[in-house]
Amino acid sequence: MWSNIKSWWSRRVIPTLPTLQVITRFLWGLFLVVAILVGFKYLFFTSCLTAGNVKECVSSSVDSSSTLFAIGGILVAIVALIPTFWIEGRIRDAKKEVSQEITEELKKDMQLLSQAQLLILNADVYLGHAALPIKEELILQAVSLWPAFKKEEYRKLSNLYSEAVREEFYQGPSGLSEHPSLIGKDRIASYIKKAVFYLEETDQYSQHSDREILVNLASMYGCACRYDEMIRAIERAIKVDENARDDFQDAKNIALLMRACGTDRRKIEKLGKKIGKELPLSKDEFVRTIKKVDLQNLRGYINYFAIKKHRSAAEEYVYVIKITAVDEQGQRSICGLYLTLESKDSKQIPSTEGQTVSMEEFFDEVDKELFVVCFIED
């Protein structure tokens with residue numbers, strides 16, 4: 001039975017409570033007005049005379065209902081205005097409190113902004129690839145203080161890490177430079193990981209796809225051996241700007257992109273089609289690029305990157321071909337060697353030191369073991 005009563009109460013009574021509250025307040029207000037009017041009547045318009053034990057009260061002749069209600073209305077209006085003045089006072093106080101809060105909040109924000117800007121200025125002091133982690137830490141502190149800097153500073157970090165990887169990845173005795181890597185082989189993997197992270201963040205939060213970011217992202221996917229993601233990034237970059245193909249054809253970018261292909265010729269050929277370049281290089285293209293080299297202004301070797309056709313899982317598969325060319329009687333002949341980036345597994349062509357062979361013969365010998373990928377311009 002109790003449950004039935006409770007259910008009836010919930011369905012019938014509770015929904016009407018707001019209406020009952022309004023009616024109750026109205027009745028109390030009406031009662032208050034009547035009470036004020038009656039009290040006003042007896043206070044101001046009724047006089048009493050006492051004679052001995054007899055008391056007689058007589059109402060004034062101005063006890064007309066219109067006059068009484070007019071005066072009572074004035075009293076009600078006065079009573080009604082009291083809360084209005086009280087509310088206005090509270091509003092003024094609230095405005096002062098809000099103004100103080102806004103001032104304090106603005107002062108706090110300005111302090112945070114100033115600290116963040118100072119951290120970024122300090123970060124700019126650290127130059128060079130080896131100092132990037134220190135620079136990154138200062139920038140992240142600035143972003144934590146002032147999140148509005150995140151988009152711009154993440155883009156800066158993405159470009160800096162990408163540039164560092166591109167410049168340092170093939171540094172060393174057999175790479176693009178004779179100078180040793182400033183990062184070190186043990187740290188290059190972390191640089192690649194950070195470059196990919198900041199590039200992905202920048203790409204994700206950009207309103208429009210960006211050619212530079214996508215070219216860098218594809219290159220970083222390449223040296224991270226993430227082939228499918230690399231191809232998708234290449235396609236997006238070219239869709240944004242057809243001239244992105246020129247960026248991908250740069251030797252340093254190709255050198256990174258080709259790592260994701262491994263020793264799979266089909267992947268190498270697909271990469272070449274995507275970026276508009278013949279990959280791996282044909283014999284004719286190999287000969288043509290060597291003929292174009294100005295030997296008088298050449299310093300060092302004519303260099304090519306290559307990939308080993310067959311390898312075991314643990315073997316290095318990226319090679320550098322180093323060529324010396326000579327012109328005799330209008331004919332250009334060459335000699336050289338190829339070796340891994342760690343200066344291992346080298347082979348000299350021709351095998352007899354001091355001799356040269358034709359460019360075609362040299363290519364045929366290299367082609368037995370390697371895919372020639374790209375010419376490395378100085």
# chains A, B, ... in the order shown; residues from 1 in each chain; ligands from 1
$ closest_atom_pairs --of "region 216-328 of chain A" --to "region 354-367 of chain A" --cutoff "9 Å" --atoms "only C-alpha atoms" --output "JSON lines"
{"residue": "A:Lys283", "atom": "CA", "partner": "A:Phe363", "partner_atom": "CA", "distance": 6.4}
{"residue": "A:Asp284", "atom": "CA", "partner": "A:Glu360", "partner_atom": "CA", "distance": 8.3}
{"residue": "A:Phe286", "atom": "CA", "partner": "A:Phe363", "partner_atom": "CA", "distance": 7.5}
{"residue": "A:Val287", "atom": "CA", "partner": "A:Met359", "partner_atom": "CA", "distance": 6.0}
{"residue": "A:Ile290", "atom": "CA", "partner": "A:Met359", "partner_atom": "CA", "distance": 8.0}
{"residue": "A:Lys309", "atom": "CA", "partner": "A:Asp367", "partner_atom": "CA", "distance": 8.9}
{"residue": "A:Ile321", "atom": "CA", "partner": "A:Val366", "partner_atom": "CA", "distance": 8.8}
{"residue": "A:Thr324", "atom": "CA", "partner": "A:Thr356", "partner_atom": "CA", "distance": 8.9}
{"residue": "A:Ala325", "atom": "CA", "partner": "A:Thr356", "partner_atom": "CA", "distance": 8.3}
{"residue": "A:Val326", "atom": "CA", "partner": "A:Thr356", "partner_atom": "CA", "distance": 8.4}
$ select_by_dssp --residues "region 311-342 of chain A" --states "strand (DSSP E)" --output "PDB file with all heavy atoms, in the first residue's frame"
ATOM      1  N   VAL A 318      72.119  -0.616 -47.735  1.00  0.00           N
ATOM      2  CA  VAL A 318      72.339   0.656 -48.412  1.00  0.00           C
ATOM      3  C   VAL A 318      73.836   0.817 -48.654  1.00  0.00           C
ATOM      4  O   VAL A 318      74.646   0.703 -47.733  1.00  0.00           O
ATOM      5  CB  VAL A 318      71.801   1.829 -47.587  1.00  0.00           C
ATOM      6  CG1 VAL A 318      72.074   3.146 -48.309  1.00  0.00           C
ATOM      7  CG2 VAL A 318      70.316   1.670 -47.328  1.00  0.00           C
ATOM      8  N   TYR A 319      74.175   1.085 -49.905  1.00  0.00           N
ATOM      9  CA  TYR A 319      75.576   1.194 -50.312  1.00  0.00           C
ATOM     10  C   TYR A 319      75.827   2.562 -50.941  1.00  0.00           C
ATOM     11  O   TYR A 319      74.892   3.226 -51.402  1.00  0.00           O
ATOM     12  CB  TYR A 319      75.930   0.117 -51.342  1.00  0.00           C
ATOM     13  CG  TYR A 319      76.172  -1.248 -50.746  1.00  0.00           C
ATOM     14  CD1 TYR A 319      75.131  -1.976 -50.183  1.00  0.00           C
ATOM     15  CD2 TYR A 319      77.445  -1.820 -50.757  1.00  0.00           C
ATOM     16  CE1 TYR A 319      75.343  -3.232 -49.637  1.00  0.00           C
ATOM     17  CE2 TYR A 319      77.674  -3.079 -50.223  1.00  0.00           C
ATOM     18  CZ  TYR A 319      76.620  -3.774 -49.658  1.00  0.00           C
ATOM     19  OH  TYR A 319      76.852  -5.016 -49.132  1.00  0.00           O
ATOM     20  N   VAL A 320      77.091   2.941 -50.943  1.00  0.00           N
ATOM     21  CA  VAL A 320      77.539   4.136 -51.645  1.00  0.00           C
ATOM     22  C   VAL A 320      78.539   3.713 -52.709  1.00  0.00           C
ATOM     23  O   VAL A 320      79.438   2.911 -52.444  1.00  0.00           O
ATOM     24  CB  VAL A 320      78.201   5.144 -50.680  1.00  0.00           C
ATOM     25  CG1 VAL A 320      78.733   6.349 -51.444  1.00  0.00           C
ATOM     26  CG2 VAL A 320      77.207   5.592 -49.622  1.00  0.00           C
ATOM     27  N   ILE A 321      78.336   4.232 -53.931  1.00  0.00           N
ATOM     28  CA  ILE A 321      79.276   3.982 -55.032  1.00  0.00           C
ATOM     29  C   ILE A 321      80.123   5.229 -55.197  1.00  0.00           C
ATOM     30  O   ILE A 321      79.598   6.337 -55.347  1.00  0.00           O
ATOM     31  CB  ILE A 321      78.534   3.674 -56.342  1.00  0.00           C
ATOM     32  CG1 ILE A 321      77.572   2.497 -56.149  1.00  0.00           C
ATOM     33  CG2 ILE A 321      79.519   3.389 -57.468  1.00  0.00           C
ATOM     34  CD1 ILE A 321      76.631   2.274 -57.329  1.00  0.00           C
ATOM     35  N   LYS A 322      81.446   5.058 -55.168  1.00  0.00           N
ATOM     36  CA  LYS A 322      82.374   6.185 -55.305  1.00  0.00           C
ATOM     37  C   LYS A 322      83.183   5.981 -56.585  1.00  0.00           C
ATOM     38  O   LYS A 322      83.860   4.960 -56.739  1.00  0.00           O
ATOM     39  CB  LYS A 322      83.292   6.265 -54.091  1.00  0.00           C
ATOM     40  CG  LYS A 322      82.543   6.606 -52.795  1.00  0.00           C
ATOM     41  CD  LYS A 322      83.497   6.689 -51.620  1.00  0.00           C
ATOM     42  CE  LYS A 322      82.786   7.198 -50.390  1.00  0.00           C
ATOM     43  NZ  LYS A 322      82.345   8.593 -50.496  1.00  0.00           N
ATOM     44  N   ILE A 323      83.099   6.973 -57.470  1.00  0.00           N
ATOM     45  CA  ILE A 323      83.669   6.831 -58.819  1.00  0.00           C
ATOM     46  C   ILE A 323      84.680   7.935 -59.094  1.00  0.00           C
ATOM     47  O   ILE A 323      84.449   9.113 -58.750  1.00  0.00           O
ATOM     48  CB  ILE A 323      82.548   6.875 -59.881  1.00  0.00           C
ATOM     49  CG1 ILE A 323      81.589   5.689 -59.679  1.00  0.00           C
ATOM     50  CG2 ILE A 323      83.120   6.892 -61.287  1.00  0.00           C
ATOM     51  CD1 ILE A 323      80.344   5.765 -60.536  1.00  0.00           C
ATOM     52  N   THR A 324      85.752   7.565 -59.719  1.00  0.00           N
ATOM     53  CA  THR A 324      86.733   8.514 -60.251  1.00  0.00           C
ATOM     54  C   THR A 324      86.700   8.417 -61.773  1.00  0.00           C
ATOM     55  O   THR A 324      86.721   7.316 -62.329  1.00  0.00           O
ATOM     56  CB  THR A 324      88.153   8.179 -59.751  1.00  0.00           C
ATOM     57  OG1 THR A 324      88.163   8.249 -58.319  1.00  0.00           O
ATOM     58  CG2 THR A 324      89.162   9.163 -60.311  1.00  0.00           C
ATOM     59  N   ALA A 325      86.622   9.568 -62.444  1.00  0.00           N
ATOM     60  CA  ALA A 325      86.512   9.580 -63.912  1.00  0.00           C
ATOM     61  C   ALA A 325      87.709  10.300 -64.514  1.00  0.00           C
ATOM     62  O   ALA A 325      88.250  11.248 -63.928  1.00  0.00           O
ATOM     63  CB  ALA A 325      85.219  10.262 -64.334  1.00  0.00           C
ATOM     64  N   VAL A 326      88.084   9.867 -65.705  1.00  0.00           N
ATOM     65  CA  VAL A 326      89.161  10.515 -66.467  1.00  0.00           C
ATOM     66  C   VAL A 326      88.726  10.633 -67.922  1.00  0.00           C
ATOM     67  O   VAL A 326      87.973   9.793 -68.432  1.00  0.00           O
ATOM     68  CB  VAL A 326      90.482   9.717 -66.380  1.00  0.00           C
ATOM     69  CG1 VAL A 326      91.024   9.733 -64.974  1.00  0.00           C
ATOM     70  CG2 VAL A 326      90.297   8.283 -66.864  1.00  0.00           C
ATOM     71  N   ASP A 327      89.187  11.695 -68.580  1.00  0.00           N
ATOM     72  CA  ASP A 327      88.907  11.883 -70.003  1.00  0.00           C
ATOM     73  C   ASP A 327      90.191  11.649 -70.789  1.00  0.00           C
ATOM     74  O   ASP A 327      91.209  12.320 -70.556  1.00  0.00           O
ATOM     75  CB  ASP A 327      88.384  13.309 -70.263  1.00  0.00           C
ATOM     76  CG  ASP A 327      86.978  13.510 -69.723  1.00  0.00           C
ATOM     77  OD1 ASP A 327      86.226  12.513 -69.662  1.00  0.00           O
ATOM     78  OD2 ASP A 327      86.632  14.657 -69.360  1.00  0.00           O
ATOM     79  N   GLU A 328      90.139  10.731 -71.718  1.00  0.00           N
ATOM     80  CA  GLU A 328      91.285  10.422 -72.575  1.00  0.00           C
ATOM     81  C   GLU A 328      90.806  10.300 -74.010  1.00  0.00           C
ATOM     82  O   GLU A 328      89.925   9.485 -74.305  1.00  0.00           O
ATOM     83  CB  GLU A 328      91.964   9.115 -72.136  1.00  0.00           C
ATOM     84  CG  GLU A 328      92.626   9.197 -70.768  1.00  0.00           C
ATOM     85  CD  GLU A 328      93.284   7.892 -70.378  1.00  0.00           C
ATOM     86  OE1 GLU A 328      93.062   6.887 -71.097  1.00  0.00           O
ATOM     87  OE2 GLU A 328      93.990   7.861 -69.358  1.00  0.00           O
ATOM     88  N   GLN A 331      87.160  10.383 -74.736  1.00  0.00           N
ATOM     89  CA  GLN A 331      86.345   9.324 -74.125  1.00  0.00           C
ATOM     90  C   GLN A 331      86.493   9.372 -72.598  1.00  0.00           C
ATOM     91  O   GLN A 331      87.589   9.564 -72.083  1.00  0.00           O
ATOM     92  CB  GLN A 331      86.794   7.943 -74.638  1.00  0.00           C
ATOM     93  CG  GLN A 331      86.573   7.721 -76.130  1.00  0.00           C
ATOM     94  CD  GLN A 331      85.103   7.686 -76.497  1.00  0.00           C
ATOM     95  OE1 GLN A 331      84.281   7.158 -75.747  1.00  0.00           O
ATOM     96  NE2 GLN A 331      84.765   8.253 -77.651  1.00  0.00           N
ATOM     97  N   ARG A 332      85.374   9.191 -71.928  1.00  0.00           N
ATOM     98  CA  ARG A 332      85.405   9.205 -70.468  1.00  0.00           C
ATOM     99  C   ARG A 332      85.366   7.759 -69.953  1.00  0.00           C
ATOM    100  O   ARG A 332      84.472   6.977 -70.300  1.00  0.00           O
ATOM    101  CB  ARG A 332      84.221   9.993 -69.910  1.00  0.00           C
ATOM    102  CG  ARG A 332      84.188  10.062 -68.382  1.00  0.00           C
ATOM    103  CD  ARG A 332      83.287  11.179 -67.893  1.00  0.00           C
ATOM    104  NE  ARG A 332      83.849  12.498 -68.226  1.00  0.00           N
ATOM    105  CZ  ARG A 332      83.335  13.656 -67.835  1.00  0.00           C
ATOM    106  NH1 ARG A 332      82.233  13.675 -67.103  1.00  0.00           N
ATOM    107  NH2 ARG A 332      83.899  14.801 -68.179  1.00  0.00           N
ATOM    108  N   SER A 333      86.356   7.433 -69.151  1.00  0.00           N
ATOM    109  CA  SER A 333      86.383   6.111 -68.523  1.00  0.00           C
ATOM    110  C   SER A 333      86.435   6.303 -67.015  1.00  0.00           C
ATOM    111  O   SER A 333      86.806   7.377 -66.515  1.00  0.00           O
ATOM    112  CB  SER A 333      87.592   5.302 -68.999  1.00  0.00           C
ATOM    113  OG  SER A 333      88.802   5.996 -68.713  1.00  0.00           O
ATOM    114  N   ILE A 334      86.086   5.270 -66.288  1.00  0.00           N
ATOM    115  CA  ILE A 334      85.929   5.419 -64.835  1.00  0.00           C
ATOM    116  C   ILE A 334      86.489   4.202 -64.096  1.00  0.00           C
ATOM    117  O   ILE A 334      86.671   3.120 -64.668  1.00  0.00           O
ATOM    118  CB  ILE A 334      84.449   5.622 -64.431  1.00  0.00           C
ATOM    119  CG1 ILE A 334      83.604   4.427 -64.879  1.00  0.00           C
ATOM    120  CG2 ILE A 334      83.901   6.915 -64.993  1.00  0.00           C
ATOM    121  CD1 ILE A 334      82.153   4.513 -64.448  1.00  0.00           C
ATOM    122  N   CYS A 335      86.706   4.403 -62.825  1.00  0.00           N
ATOM    123  CA  CYS A 335      87.021   3.323 -61.897  1.00  0.00           C
ATOM    124  C   CYS A 335      86.445   3.719 -60.553  1.00  0.00           C
ATOM    125  O   CYS A 335      86.081   4.880 -60.328  1.00  0.00           O
ATOM    126  CB  CYS A 335      88.524   3.071 -61.813  1.00  0.00           C
ATOM    127  SG  CYS A 335      89.461   4.484 -61.162  1.00  0.00           S
ATOM    128  N   GLY A 336      86.363   2.784 -59.640  1.00  0.00           N
ATOM    129  CA  GLY A 336      85.805   3.123 -58.341  1.00  0.00           C
ATOM    130  C   GLY A 336      85.546   1.902 -57.500  1.00  0.00           C
ATOM    131  O   GLY A 336      86.077   0.821 -57.748  1.00  0.00           O
ATOM    132  N   LEU A 337      84.681   2.085 -56.520  1.00  0.00           N
ATOM    133  CA  LEU A 337      84.333   0.983 -55.634  1.00  0.00           C
ATOM    134  C   LEU A 337      82.966   1.251 -55.031  1.00  0.00           C
ATOM    135  O   LEU A 337      82.456   2.379 -55.082  1.00  0.00           O
ATOM    136  CB  LEU A 337      85.369   0.835 -54.533  1.00  0.00           C
ATOM    137  CG  LEU A 337      85.346   1.846 -53.368  1.00  0.00           C
ATOM    138  CD1 LEU A 337      86.102   1.268 -52.183  1.00  0.00           C
ATOM    139  CD2 LEU A 337      85.916   3.197 -53.772  1.00  0.00           C
ATOM    140  N   TYR A 338      82.373   0.231 -54.482  1.00  0.00           N
ATOM    141  CA  TYR A 338      81.155   0.417 -53.697  1.00  0.00           C
ATOM    142  C   TYR A 338      81.340  -0.262 -52.352  1.00  0.00           C
ATOM    143  O   TYR A 338      82.078  -1.237 -52.215  1.00  0.00           O
ATOM    144  CB  TYR A 338      79.905  -0.093 -54.424  1.00  0.00           C
ATOM    145  CG  TYR A 338      79.881  -1.565 -54.764  1.00  0.00           C
ATOM    146  CD1 TYR A 338      79.618  -2.543 -53.800  1.00  0.00           C
ATOM    147  CD2 TYR A 338      80.078  -1.982 -56.080  1.00  0.00           C
ATOM    148  CE1 TYR A 338      79.566  -3.889 -54.124  1.00  0.00           C
ATOM    149  CE2 TYR A 338      80.030  -3.323 -56.420  1.00  0.00           C
ATOM    150  CZ  TYR A 338      79.769  -4.274 -55.433  1.00  0.00           C
ATOM    151  OH  TYR A 338      79.721  -5.609 -55.750  1.00  0.00           O
ATOM    152  N   LEU A 339      80.679   0.284 -51.333  1.00  0.00           N
ATOM    153  CA  LEU A 339      80.810  -0.213 -49.975  1.00  0.00           C
ATOM    154  C   LEU A 339      79.610   0.235 -49.155  1.00  0.00           C
ATOM    155  O   LEU A 339      78.868   1.141 -49.548  1.00  0.00           O
ATOM    156  CB  LEU A 339      82.102   0.272 -49.345  1.00  0.00           C
ATOM    157  CG  LEU A 339      82.257   1.759 -49.010  1.00  0.00           C
ATOM    158  CD1 LEU A 339      83.487   1.954 -48.128  1.00  0.00           C
ATOM    159  CD2 LEU A 339      82.375   2.638 -50.252  1.00  0.00           C
ATOM    160  N   THR A 340      79.410  -0.379 -47.993  1.00  0.00           N
ATOM    161  CA  THR A 340      78.297   0.003 -47.125  1.00  0.00           C
ATOM    162  C   THR A 340      78.604   1.337 -46.442  1.00  0.00           C
ATOM    163  O   THR A 340      79.723   1.847 -46.495  1.00  0.00           O
ATOM    164  CB  THR A 340      78.052  -1.054 -46.042  1.00  0.00           C
ATOM    165  OG1 THR A 340      79.162  -1.076 -45.148  1.00  0.00           O
ATOM    166  CG2 THR A 340      77.867  -2.440 -46.648  1.00  0.00           C
TER     167      THR A 340
END
$ residues_around --residues "region 132-135 of chain A" --least-positions-apart "3" --cutoff "9 Å" --atoms "only C-alpha atoms" --output "ChimeraX atom specification"
/A:120,122-129,138-140,157,160-161,164,191
$ residues_around --residues "Ala130 (chain A)" --least-positions-apart "6" --cutoff "12 Å" --atoms "only C-alpha atoms" --output "VMD selection string"
chain A and resid 136 160 to 161 164 to 165 167 to 168 181 to 184 187 to 188 191
$ residues_around --residues "Ile231 (chain A)" --least-positions-apart "2" --cutoff "12 Å" --atoms "only C-alpha atoms" --output "short mmCIF file (atom, residue, chain, number, x, y, z; two decimals) with N, CA, C and O atoms, in the first residue's frame"
data_model
loop_
_atom_site.label_atom_id
_atom_site.label_comp_id
_atom_site.auth_asym_id
_atom_site.auth_seq_id
_atom_site.Cartn_x
_atom_site.Cartn_y
_atom_site.Cartn_z
N LEU A 214 54.35 17.57 -45.51
CA LEU A 214 54.11 16.24 -46.08
C LEU A 214 55.36 15.67 -46.72
O LEU A 214 55.60 14.45 -46.65
N VAL A 215 56.17 16.51 -47.36
CA VAL A 215 57.44 16.03 -47.94
C VAL A 215 58.36 15.53 -46.84
O VAL A 215 58.95 14.44 -46.93
N LEU A 217 57.43 14.55 -43.87
CA LEU A 217 56.83 13.39 -43.23
C LEU A 217 57.08 12.12 -44.05
O LEU A 217 57.42 11.07 -43.48
N ALA A 218 56.95 12.22 -45.36
CA ALA A 218 57.22 11.06 -46.23
C ALA A 218 58.68 10.62 -46.09
O ALA A 218 58.97 9.42 -46.01
N SER A 219 59.59 11.57 -46.04
CA SER A 219 61.02 11.24 -45.91
C SER A 219 61.31 10.57 -44.58
O SER A 219 62.09 9.61 -44.51
N MET A 220 60.68 11.06 -43.51
CA MET A 220 60.90 10.45 -42.20
C MET A 220 60.29 9.05 -42.12
O MET A 220 60.86 8.14 -41.51
N TYR A 221 59.11 8.87 -42.74
CA TYR A 221 58.54 7.52 -42.83
C TYR A 221 59.49 6.60 -43.59
O TYR A 221 59.62 5.41 -43.28
N GLY A 222 60.17 7.16 -44.60
CA GLY A 222 61.09 6.36 -45.40
C GLY A 222 62.24 5.83 -44.57
O GLY A 222 62.51 4.62 -44.56
N CYS A 225 61.43 3.15 -42.29
CA CYS A 225 61.01 1.90 -42.96
C CYS A 225 59.51 1.66 -42.84
O CYS A 225 59.06 0.52 -42.68
N ARG A 226 58.72 2.72 -42.95
CA ARG A 226 57.25 2.62 -42.91
C ARG A 226 56.73 2.90 -44.33
O ARG A 226 56.28 3.99 -44.65
N TYR A 227 56.83 1.89 -45.18
CA TYR A 227 56.64 2.05 -46.61
C TYR A 227 55.23 2.54 -46.97
O TYR A 227 55.08 3.51 -47.73
N ASP A 228 54.19 1.87 -46.48
CA ASP A 228 52.81 2.22 -46.87
C ASP A 228 52.47 3.65 -46.45
O ASP A 228 51.86 4.40 -47.22
N GLU A 229 52.86 4.04 -45.25
CA GLU A 229 52.60 5.41 -44.79
C GLU A 229 53.40 6.41 -45.62
O GLU A 229 52.93 7.53 -45.90
N ALA A 233 51.82 9.53 -47.80
CA ALA A 233 52.28 10.91 -47.60
C ALA A 233 52.77 11.52 -48.91
O ALA A 233 52.53 12.70 -49.18
N ILE A 234 53.45 10.73 -49.73
CA ILE A 234 53.90 11.21 -51.05
C ILE A 234 52.71 11.59 -51.90
O ILE A 234 52.68 12.66 -52.54
N GLU A 235 51.70 10.74 -51.93
CA GLU A 235 50.49 11.01 -52.73
C GLU A 235 49.80 12.28 -52.26
O GLU A 235 49.34 13.09 -53.07
N ARG A 236 49.70 12.47 -50.95
CA ARG A 236 49.06 13.67 -50.42
C ARG A 236 49.85 14.93 -50.78
O ARG A 236 49.27 15.96 -51.14
N ALA A 237 51.17 14.83 -50.67
CA ALA A 237 52.02 16.00 -50.97
C ALA A 237 51.87 16.41 -52.43
O ALA A 237 51.75 17.61 -52.75
N ILE A 238 51.87 15.43 -53.33
CA ILE A 238 51.75 15.73 -54.77
C ILE A 238 50.36 16.26 -55.09
O ILE A 238 50.19 17.11 -55.97
N PHE A 248 60.95 15.51 -53.79
CA PHE A 248 61.23 14.09 -53.57
C PHE A 248 62.39 13.59 -54.43
O PHE A 248 63.05 12.61 -54.06
N LEU A 257 63.91 7.93 -48.63
CA LEU A 257 62.73 7.21 -49.10
C LEU A 257 63.05 5.77 -49.47
O LEU A 257 62.26 4.85 -49.22
N MET A 258 64.21 5.55 -50.06
CA MET A 258 64.53 4.22 -50.58
C MET A 258 64.74 3.21 -49.46
O MET A 258 64.63 2.00 -49.68
N ALA A 260 62.83 2.55 -47.05
CA ALA A 260 61.58 1.83 -46.80
C ALA A 260 61.31 0.76 -47.85
O ALA A 260 60.49 -0.14 -47.61
N CYS A 261 61.98 0.85 -48.98
CA CYS A 261 61.76 -0.14 -50.05
C CYS A 261 62.51 -1.44 -49.80
O CYS A 261 62.16 -2.48 -50.38
N LYS A 267 58.84 -2.34 -55.04
CA LYS A 267 58.63 -1.16 -54.21
C LYS A 267 59.48 0.01 -54.71
O LYS A 267 59.02 1.16 -54.70
N ILE A 268 60.70 -0.29 -55.14
CA ILE A 268 61.57 0.77 -55.67
C ILE A 268 60.96 1.37 -56.93
O ILE A 268 60.92 2.60 -57.10
N LYS A 270 57.78 1.35 -57.80
CA LYS A 270 56.56 2.09 -57.44
C LYS A 270 56.91 3.46 -56.88
O LYS A 270 56.25 4.46 -57.22
N LEU A 271 57.94 3.50 -56.05
CA LEU A 271 58.39 4.80 -55.52
C LEU A 271 58.79 5.72 -56.66
O LEU A 271 58.43 6.91 -56.68
N GLY A 272 59.55 5.20 -57.64
CA GLY A 272 59.96 6.01 -58.78
C GLY A 272 58.78 6.57 -59.56
O GLY A 272 58.78 7.74 -59.96
N LYS A 273 57.74 5.75 -59.76
CA LYS A 273 56.56 6.23 -60.48
C LYS A 273 55.84 7.32 -59.71
O LYS A 273 55.33 8.28 -60.29
N LYS A 274 55.79 7.18 -58.39
CA LYS A 274 55.09 8.18 -57.58
C LYS A 274 55.78 9.53 -57.64
O LYS A 274 55.13 10.57 -57.70
N ILE A 275 57.11 9.53 -57.63
CA ILE A 275 57.84 10.81 -57.57
C ILE A 275 58.29 11.28 -58.96
O ILE A 275 58.95 12.30 -59.08
#
$ closest_residue --among "A:Glu342, A:Asn303, A:Asp241, A:Ala131" --to "Asp210 (chain A)" --atoms "only C-alpha atoms"
A:Asp241
$ select_by_dssp --residues "region 224-273 of chain A" --states "alpha helix (DSSP H)" --output "VMD selection string"
chain A and resid 227 to 240 244 to 248 251 to 257 265 to 273
$ atom_distance --atom1 "CA of Glu369 (chain A)" --atom2 "CA of Tyr317 (chain A)"
10.6 Å
